[in-house]
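What follows is target.cif (mmCIF, C-alpha atoms).
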data_protein
loop_
_atom_site.label_atom_id
_atom_site.label_comp_id
_atom_site.auth_asym_id
_atom_site.auth_seq_id
_atom_site.Cartn_x
_atom_site.Cartn_y
_atom_site.Cartn_z
CA MET A 1 91.98 95.35 116.82
CA THR A 2 94.91 97.52 117.86
CA THR A 3 97.57 99.27 115.82
CA PRO A 4 101.32 99.52 116.60
CA ASP A 5 101.99 101.47 119.81
CA TYR A 6 105.01 103.34 118.42
CA ILE A 7 102.78 105.27 116.01
CA SER A 8 101.22 108.32 117.63
CA PRO A 9 97.46 107.92 118.29
CA LYS A 10 96.99 111.40 116.88
CA ILE A 11 98.65 110.41 113.59
CA ARG A 12 96.74 107.12 113.47
CA VAL A 13 93.44 108.95 113.76
CA GLN A 14 94.58 111.57 111.25
CA ILE A 15 95.46 108.96 108.62
CA GLU A 16 92.26 106.99 109.10
CA GLU A 17 90.05 110.08 109.00
CA LYS A 18 91.87 111.51 105.98
CA LEU A 19 91.57 108.35 103.91
CA PHE A 20 87.86 108.00 104.46
CA SER A 21 87.02 111.69 104.18
CA ILE A 22 89.20 112.37 101.15
CA ILE A 23 88.05 109.39 99.11
CA ASN A 24 84.58 110.80 99.46
CA PHE A 25 82.44 108.59 97.23
CA LYS A 26 78.67 108.78 97.63
CA GLY A 27 76.39 105.80 97.28
CA ARG A 28 75.31 102.52 98.86
CA LYS A 29 78.55 100.72 97.96
CA ALA A 30 80.86 103.64 98.76
CA GLU A 31 82.59 102.00 101.76
CA GLU A 32 83.24 98.77 99.84
CA VAL A 33 84.65 100.76 96.93
CA LYS A 34 87.01 102.70 99.22
CA LYS A 35 88.29 99.55 100.91
CA THR A 36 88.73 97.78 97.58
CA LEU A 37 90.82 100.59 96.09
CA VAL A 38 92.99 101.34 99.12
CA THR A 39 93.68 97.73 100.12
CA ALA A 40 94.56 96.90 96.50
CA ALA A 41 97.10 99.74 96.61
CA LEU A 42 98.54 98.63 99.94
CA THR A 43 98.86 94.96 98.98
CA LYS A 44 100.08 95.56 95.39
CA ASP A 45 97.07 93.67 94.06
CA SER A 46 94.73 94.27 91.15
CA VAL A 47 91.45 96.05 91.68
CA GLU A 48 89.72 93.11 90.01
CA ASN A 49 91.13 90.55 92.50
CA LYS A 50 90.57 92.73 95.54
CA ALA A 51 86.98 93.52 94.54
CA LYS A 52 86.15 89.83 94.38
CA GLU A 53 87.71 89.26 97.83
CA LEU A 54 85.54 92.00 99.29
CA GLY A 55 82.38 90.79 97.55
CA ILE A 56 81.88 93.66 95.12
CA SER A 57 81.88 93.77 91.33
CA PRO A 58 85.06 95.26 89.77
CA GLN A 59 82.81 97.12 87.35
CA THR A 60 80.98 98.71 90.29
CA VAL A 61 84.31 100.00 91.59
CA ARG A 62 85.21 101.43 88.19
CA ASN A 63 81.74 102.98 87.83
CA TYR A 64 82.07 104.85 91.14
CA VAL A 65 85.36 106.37 89.98
CA GLU A 66 84.06 107.22 86.50
CA GLU A 67 80.82 108.77 87.79
CA GLN A 68 82.39 110.80 90.64
CA PRO A 69 85.56 112.38 89.16
CA GLN A 70 85.41 115.20 91.72
CA VAL A 71 87.02 112.80 94.19
CA ILE A 72 90.26 113.07 92.19
CA ASP A 73 90.33 116.85 92.66
CA GLN A 74 89.61 116.41 96.38
CA MET A 75 92.56 114.05 96.75
CA LEU A 76 94.88 116.40 94.84
CA ASN A 77 93.84 119.34 97.04
CA VAL A 78 94.65 117.35 100.18
CA ILE A 79 98.05 116.30 98.80
CA LYS A 80 98.93 119.94 98.17
CA THR A 81 97.55 121.02 101.55
CA ILE A 82 99.62 118.43 103.42
CA SER A 83 102.73 119.34 101.44
CA ALA A 84 102.25 123.07 102.10
CA LYS A 85 101.83 122.36 105.83
CA GLU A 86 104.98 120.21 105.86
CA LEU A 87 106.93 123.20 104.53
CA GLY A 88 106.62 124.63 108.03
CA GLY A 89 106.06 128.21 106.96
CA ARG A 90 108.72 128.26 104.25
CA LYS A 91 107.74 130.49 101.36
CA ARG A 92 110.76 130.00 99.08
CA VAL A 93 111.23 126.59 97.51
CA LYS A 94 113.66 124.83 95.20
CA ILE A 95 111.59 122.64 92.91
CA SER A 96 112.17 119.75 90.56
CA ILE A 97 109.92 119.04 87.59
CA ASP A 98 109.73 115.67 85.86
CA TRP A 99 107.27 113.23 84.31
CA THR A 100 106.85 109.50 84.65
CA SER A 101 105.33 106.93 82.30
CA ILE A 102 103.18 103.85 82.92
CA GLU A 103 103.79 101.90 79.74
CA TYR A 104 101.74 99.13 78.16
CA LYS A 105 101.66 97.12 74.96
CA GLY A 106 98.62 96.85 72.74
CA LYS A 107 96.18 99.04 70.87
CA PRO A 108 96.48 102.79 71.41
CA VAL A 109 94.14 104.57 73.81
CA GLU A 110 92.79 107.95 72.77
CA GLY A 111 94.68 110.79 74.41
CA LEU A 112 97.82 108.79 75.20
CA GLY A 113 101.27 109.60 73.92
CA GLY A 114 103.85 107.16 72.63
CA SER A 115 106.73 105.58 74.50
CA GLU A 116 109.73 103.46 73.65
CA LYS A 117 107.71 100.28 74.23
CA GLY A 118 104.39 101.34 72.69
CA TYR A 119 102.03 103.66 74.53
CA ALA A 120 101.93 105.09 78.03
CA TRP A 121 99.93 106.99 80.60
CA ASN A 122 102.14 109.96 81.50
CA TYR A 123 102.02 112.14 84.61
CA ALA A 124 104.15 115.11 85.67
CA THR A 125 104.83 116.49 89.14
CA ALA A 126 106.73 119.31 90.77
CA THR A 127 108.35 118.48 94.10
CA THR A 128 110.50 120.07 96.76
CA ARG A 129 112.71 118.49 99.41
CA VAL A 130 112.27 119.46 103.08
CA LYS A 131 113.70 117.62 106.11
CA GLY A 132 114.27 114.43 104.15
CA LYS A 133 110.77 114.45 102.64
CA THR A 134 110.08 114.91 98.93
CA LEU A 135 106.79 116.83 98.88
CA ILE A 136 104.43 116.97 95.90
CA LEU A 137 103.41 120.58 95.23
CA ALA A 138 101.86 120.28 91.76
CA PHE A 139 100.56 117.62 89.39
CA THR A 140 99.25 117.30 85.85
CA ARG A 141 98.44 114.43 83.55
CA VAL A 142 100.27 114.60 80.23
CA GLU A 143 97.96 114.22 77.25
CA LYS A 144 98.91 113.43 73.68
CA GLY A 145 100.13 116.58 71.92
CA MET A 146 100.73 118.47 75.18
CA THR A 147 103.91 120.51 74.75
CA ARG A 148 106.78 120.56 77.22
CA LEU A 149 106.07 124.25 77.79
CA LYS A 150 102.43 123.56 78.72
CA ILE A 151 103.52 120.95 81.26
CA VAL A 152 106.02 123.31 82.88
CA GLU A 153 103.60 126.26 82.86
CA SER A 154 100.85 124.20 84.48
CA LEU A 155 103.06 122.95 87.30
CA ILE A 156 104.69 126.29 88.04
CA GLN A 157 101.37 128.15 88.04
CA GLN A 158 100.02 125.65 90.57
CA ILE A 159 102.99 126.32 92.86
CA LEU A 160 102.63 130.10 92.57
CA ALA A 161 98.92 129.71 93.37
CA LEU A 162 99.97 128.20 96.72
CA GLY A 163 101.57 131.54 97.57
CA LEU A 164 105.11 130.15 97.24
CA GLU A 165 108.15 131.82 95.70
CA ILE A 166 110.29 129.67 93.43
CA GLU A 167 113.96 129.93 94.38
CA LEU A 168 115.25 127.44 91.80
CA VAL A 169 113.76 125.16 89.09
CA THR A 170 115.53 121.98 87.94
CA LEU A 171 114.43 119.87 84.97
CA ASP A 172 115.93 116.92 83.12
CA ALA A 173 116.91 116.90 79.45
CA GLY A 174 113.44 115.75 78.38
CA PHE A 175 112.22 119.33 78.85
CA TYR A 176 114.98 120.95 76.80
CA SER A 177 113.42 123.34 74.28
CA VAL A 178 113.60 127.00 73.24
CA ASP A 179 110.12 127.72 74.61
CA VAL A 180 110.82 126.14 78.02
CA ILE A 181 114.14 127.95 78.45
CA ASN A 182 112.63 131.31 77.53
CA TYR A 183 109.76 130.73 79.97
CA LEU A 184 112.15 129.70 82.75
CA SER A 185 114.31 132.79 82.28
CA ARG A 186 112.13 134.64 84.81
CA PHE A 187 113.27 132.14 87.50
CA ASN A 188 116.63 130.75 88.55
CA PHE A 189 116.85 127.48 86.64
CA ILE A 190 119.08 124.52 85.76
CA ILE A 191 118.03 122.25 82.91
CA GLY A 192 119.67 119.15 81.52
CA VAL A 193 120.88 119.56 77.95
CA PRO A 194 121.48 116.65 75.51
CA VAL A 195 125.19 116.82 74.66
CA GLY A 196 124.48 115.46 71.20
CA LYS A 197 122.28 118.45 70.40
CA VAL A 198 124.87 121.05 71.37
CA GLY A 199 127.72 119.10 69.77
CA ILE A 200 130.29 120.07 72.41
CA HIS A 201 132.22 117.07 73.71
CA ARG A 202 134.72 118.81 75.99
CA ASN A 203 134.68 120.88 79.16
CA PHE A 204 132.89 124.12 78.40
CA ASP A 205 131.39 127.05 80.30
CA GLY A 206 130.01 129.97 78.30
CA ASP A 207 127.09 131.51 76.48
CA TYR A 208 125.18 129.35 74.05
CA THR A 209 122.26 130.10 71.71
CA VAL A 210 119.78 127.50 70.50
CA LYS A 211 117.38 128.15 67.62
CA SER A 212 114.18 126.34 66.66
CA ASN A 213 111.24 127.24 64.39
CA GLY A 214 112.32 130.87 64.09
CA LYS A 215 112.77 131.25 67.86
CA LYS A 216 115.96 131.37 69.88
CA ALA A 217 117.12 131.19 73.49
CA THR A 218 120.47 132.22 74.90
CA PHE A 219 121.72 130.78 78.18
CA ARG A 220 124.88 129.75 80.04
CA LEU A 221 125.94 126.25 78.95
CA ILE A 222 128.12 124.06 81.15
CA VAL A 223 129.56 120.84 79.72
CA HIS A 224 131.31 118.58 82.24
CA HIS A 225 132.37 115.00 82.90
CA GLY A 226 129.82 112.66 84.45
CA ARG A 227 130.67 109.76 86.72
CA GLY A 228 131.93 107.82 83.73
CA LYS A 229 133.85 109.09 80.74
CA GLU A 230 130.79 110.64 79.11
CA TYR A 231 130.14 114.36 78.99
CA LEU A 232 127.00 115.88 80.51
CA ALA A 233 125.57 119.34 79.92
CA LYS A 234 123.49 121.82 81.91
CA GLY A 235 121.78 125.03 80.87
CA THR A 236 121.34 127.73 83.51
CA ASN A 237 121.03 131.45 84.20
CA LEU A 238 122.84 131.22 87.55
CA ASP A 239 126.02 133.24 88.05
CA VAL A 240 127.81 130.85 90.40
CA ASN A 241 130.73 128.43 90.16
CA ARG A 242 130.11 125.61 87.66
CA SER A 243 130.65 122.96 90.35
CA ILE A 244 127.86 124.54 92.41
CA VAL A 245 125.51 124.39 89.42
CA VAL A 246 126.17 120.65 88.99
CA LYS A 247 125.82 120.02 92.74
CA TRP A 248 122.51 121.91 93.03
CA TYR A 249 121.10 120.17 89.96
CA ASP A 250 121.81 116.71 91.39
CA LYS A 251 120.68 117.62 94.91
CA VAL A 252 117.37 119.19 93.86
CA ARG A 253 116.45 116.92 90.96
CA THR A 254 117.43 113.41 92.12
CA PRO A 255 114.77 113.06 94.89
CA ILE A 256 111.89 113.36 92.40
CA GLU A 257 112.98 110.11 90.76
CA THR A 258 112.95 108.37 94.15
CA SER A 259 109.48 109.77 94.86
CA TYR A 260 108.15 108.22 91.63
CA LYS A 261 109.52 104.82 92.68
CA LEU A 262 107.72 105.09 96.02
CA ILE A 263 104.49 106.32 94.43
CA LYS A 264 104.52 103.41 91.98
CA SER A 265 104.92 101.00 94.90
CA PHE A 266 101.36 101.98 95.87
CA LEU A 267 100.02 101.78 92.31
CA ILE A 268 97.08 99.44 91.75
CA PHE A 269 97.17 96.86 88.98
CA THR A 270 94.16 96.96 86.66
CA SER A 271 93.04 95.75 83.27
CA SER A 272 91.08 98.97 82.72
CA ARG A 273 92.31 101.32 80.01
CA SER A 274 90.05 104.17 81.07
CA TRP A 275 91.95 107.47 81.23
CA LEU A 276 89.89 108.57 84.23
CA PHE A 277 90.28 105.34 86.19
CA ARG A 278 94.03 105.26 85.51
CA LEU A 279 94.28 108.87 86.61
CA PHE A 280 92.42 108.05 89.83
CA ILE A 281 94.69 105.17 90.82
CA PHE A 282 97.82 107.27 90.21
CA VAL A 283 96.48 110.14 92.33
CA LEU A 284 95.47 107.62 95.01
CA ALA A 285 99.05 106.29 95.00
CA MET A 286 100.33 109.87 95.42
CA LEU A 287 97.91 110.39 98.32
CA ILE A 288 99.06 107.25 100.13
CA TYR A 289 102.68 108.23 99.46
CA THR A 290 102.00 111.68 100.97
CA LEU A 291 100.40 110.15 104.07
CA TYR A 292 103.40 107.84 104.38
CA LEU A 293 105.64 110.92 104.54
CA LEU A 294 103.83 111.93 107.75
CA LEU A 295 105.18 108.77 109.37
CA LYS A 296 108.59 108.77 107.71
CA GLY A 297 111.26 108.24 110.34
CA THR A 298 108.87 106.53 112.75
CA THR A 299 107.88 103.45 110.74
CA SER A 300 108.96 101.43 107.73
CA LYS A 301 106.98 101.34 104.49
CA LYS A 302 106.04 97.71 105.22
CA ASP A 303 104.68 98.59 108.67
CA PHE A 304 102.86 101.55 107.17
CA ARG A 305 101.08 99.23 104.73
CA LEU A 306 100.17 96.93 107.61
CA LEU A 307 98.85 99.81 109.69
CA LEU A 308 96.54 101.10 106.99
CA THR A 309 95.35 97.61 106.08
CA ILE A 310 94.40 96.97 109.70
CA LEU A 311 92.56 100.28 109.89
CA LEU A 312 90.63 99.48 106.73
CA LEU A 313 89.81 95.84 107.47
CA GLN A 314 89.45 95.81 111.25
CA ASP A 315 85.68 95.33 110.90
CA ASN A 316 86.11 92.29 108.66
CA ILE A 317 88.19 89.85 110.67
CA THR A 318 87.95 86.98 108.14
CA ILE A 319 89.45 88.98 105.27
CA LEU A 320 92.02 90.58 107.60
CA GLN A 321 93.14 87.14 108.81
CA GLU A 322 93.52 85.97 105.20
CA TYR A 323 95.62 89.05 104.41
CA LEU A 324 97.88 88.56 107.45
CA VAL A 325 98.41 84.89 106.61
CA LYS A 326 99.49 85.87 103.08
CA LEU A 327 101.73 88.60 104.48
CA PHE A 328 103.55 86.36 106.94
CA TYR A 329 103.43 83.08 104.97
CA PRO A 330 107.11 83.39 103.84
CA LEU A 331 108.10 83.93 107.49
CA PHE A 332 106.20 80.82 108.61
CA ASN A 333 108.00 78.77 105.96
CA SER A 334 111.37 80.11 107.10
CA LEU A 335 110.62 79.20 110.73
CA GLU A 336 109.72 75.65 109.71
CA LEU A 337 113.10 75.28 108.00
CA PHE A 338 114.94 76.01 111.25
CA SER A 339 112.64 74.09 113.63
CA GLY A 340 113.22 70.55 114.94
#

Whole structure given in structure tokens:
Amino acid sequence: MTTPDYISPKIRVQIEEKLFSIINFKGRKAEEVKKTLVTAALTKDSVENKAKELGISPQTVRNYVEEQPQVIDQMLNVIKTISAKELGGRKRVKISIDWTSIEYKGKPVEGLGGSEKGYAWNYATATTRVKGKTLILAFTRVEKGMTRLKIVESLIQQILALGLEIELVTLDAGFYSVDVINYLSRFNFIIGVPVGKVGIHRNFDGDYTVKSNGKKATFRLIVHHGRGKEYLAKGTNLDVNRSIVVKWYDKVRTPIETSYKLIKSFLIFTSSRSWLFRLFIFVLAMLIYTLYLLLKGTTSKKDFRLLLTILLLQDNITILQEYLVKLFYPLFNSLELFSG
């Protein structure tokens, strides 16, 4: 079985070796577990369906993850290592911090916070943008009761531990608090501010003080028009033109939202409500996303999925054939419409 010629053999080998060395489960069923998890992510399937296809119990797959949590740390270390290497020697970075939610309906799970639709698994990342690639530099899961300050501190400390210098921090309005602003004051920062909380519905640029629970923070507040008629607000400690503040905020922060969309495109479906198993499949999605960045510009996301699926299933021709038939079935139908 061969892989597409336009993808460098060196990169092909690197991806294959990384996947199987990083997801380093031990045990008799380790290879089946790896293939189940990764192919489920690549084909947007559930771990339960994919396990049955590969002849392994879904519970066995979940047990391997639950009993070997160190694999999660190994994957996170590789994600950070790849990202640091992709910086190409840069030591100063502009970072964006945000969290994303995987919501569900039903009974609450211990350790989960609420969401608009019920409950949710929440994860936060810090990213930077280099040569068109949004790199993940730090990650934390968000537990129930975890403050916004704790999330920000955790992510920033991880970045500093990589030996990087933070040139600018951008955050959306969900992080707006006295504690976060006071912590960020040691860095250049731009944070979204809810206009309703400051009560200024006009163009404004000046000092502003917010108070909460006996604490206060003073910062430069900029209120400006958004794309529509609504007003938007930013808090910052930068001494530059207000238009530059708005431009930098959008440029640095927007890519993190796109990265979450891509990460979620590799997210496995599962009926499991285990915190640890859910954490694993999100980190796995981040790992596959990070490997995809290595090929960005040389292949599409669809071809990337096909490449990895071939690498994983090349020793099982029957299952690979079934996958390829499913993949190209819509194309076959289209060809039939235009034949004869």

Requested in this report: Fewer than 3 positions away in the same chain doesn't count, so skip those; otherwise give me all residues within 8 Å of Arg273 in chain A, counting only C-alpha atoms, as a ChimeraX atom specification.
Outcome: /A:109,277-278

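Against this structure, the PyMOL selection byres ((chain A and resi 215) around 12) ends up with Ser177, Val178, Asp179, Val180, Ile181, Asn182, Thr209, Val210, Lys211, Ser212, Asn213, Gly214, Lys216, Ala217 and Thr218 of chain A.
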
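Distance annotation: of A:Thr43, A:Leu54, A:Glu103, A:Asn49, the residue with the minimal separation from Glu31 in chain A is A:Leu54; atom set is all atoms listed in the file.
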
Query raised in the report: Just so the selection is clear, what residues does the PyMOL selection byres ((chain A and resi 206) around 8) cover here, as a list in words?
Result: Phe204, Asp205, Asp207, Tyr208, Arg220, Leu221 and Ile222 of chain A

Query - Picked residues, the PyMOL selection byres ((chain A and resi 164-168) around 9), expected as an MDAnalysis selection string - result: chainID A and resid 90:96 156 159:163 169:170 187:190 252

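Between CA of Arg202 in chain A and CA of Gly228 in chain A the interatomic distance comes to 13.7 Å.
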
Requested in this report: Report the distance between CA of Ser259 in chain A and CA of Leu287 in chain A in Å, rounded to one decimal place.
Outcome: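 The value is 12.1 Å.
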
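Considering the residues A:Ala30, A:Val198, A:Ile97, A:Val130 and counting all atoms listed in the file, Leu171 in chain A has its shortest atom-to-atom contact with A:Ile97.
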
Query raised in the report: Hey, what's within 10 Å of Thr60 in chain A if we count all atoms listed in the file and toss same-chain stuff fewer than 2 positions away? As number ranges by chain, please?
Result: A: 29-30, 32-33, 51, 56-58, 62-66

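Picture a line from CA of Thr39 in chain A to CA of Ile268 in chain A; it runs 9.2 Å.
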
Query raised in the report: Near Asp172 in chain A, within 12 Å and counting all atoms listed in the file, which residues show up once chain neighbours fewer than 3 positions away are dropped, as a ChimeraX atom specification?
Result: /A:96-100,148,152,169,175-177,180,189-194,232-235,249-250,252-254,256-257

Query raised in the report: Which one is closest to Ile102 in chain A: A:Asn122, A:Thr290, A:Thr140, A:Thr81? Count only C-alpha atoms.
Result: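 With only C-alpha atoms as the atom set, the closest residue is A:Asn122.
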
Query raised in the report: Which residues come within 10 Å of Ser83 in chain A, counting only C-alpha atoms, excluding same-chain residues fewer than 2 positions away, as a PyMOL selection string?
Result: chain A and resi 77-81+85-88+127-128+130+133-138+290-291+293-294

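Considering the residues A:Thr258, A:Gly174, A:Gln157, A:Lys34 and counting only C-alpha atoms, Val71 in chain A has its shortest atom-to-atom contact with A:Lys34.
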
**Report entry** Nearest candidate to Arg141 in chain A (options A:Tyr104, A:Tyr123, A:Tyr289, A:Phe282; using all atoms listed in the file)
**Finding:** A:Tyr123

Query raised in the report: Which of these residues is nearest to Leu149 in chain A, using only C-alpha atoms: A:Tyr119, A:Phe269, A:Tyr183, A:Tyr292?
Result: A:Tyr183

Requested in this report: Enumerate, as an NGL selection string, the protein, DNA and RNA residues whose atoms approach (101.6, 107.1, 93.1) to within 10 Å, taking into account all atoms listed in the file and the coordinate frame of the file.
Outcome: :A and (41 or 123 or 259-268 or 279-290)
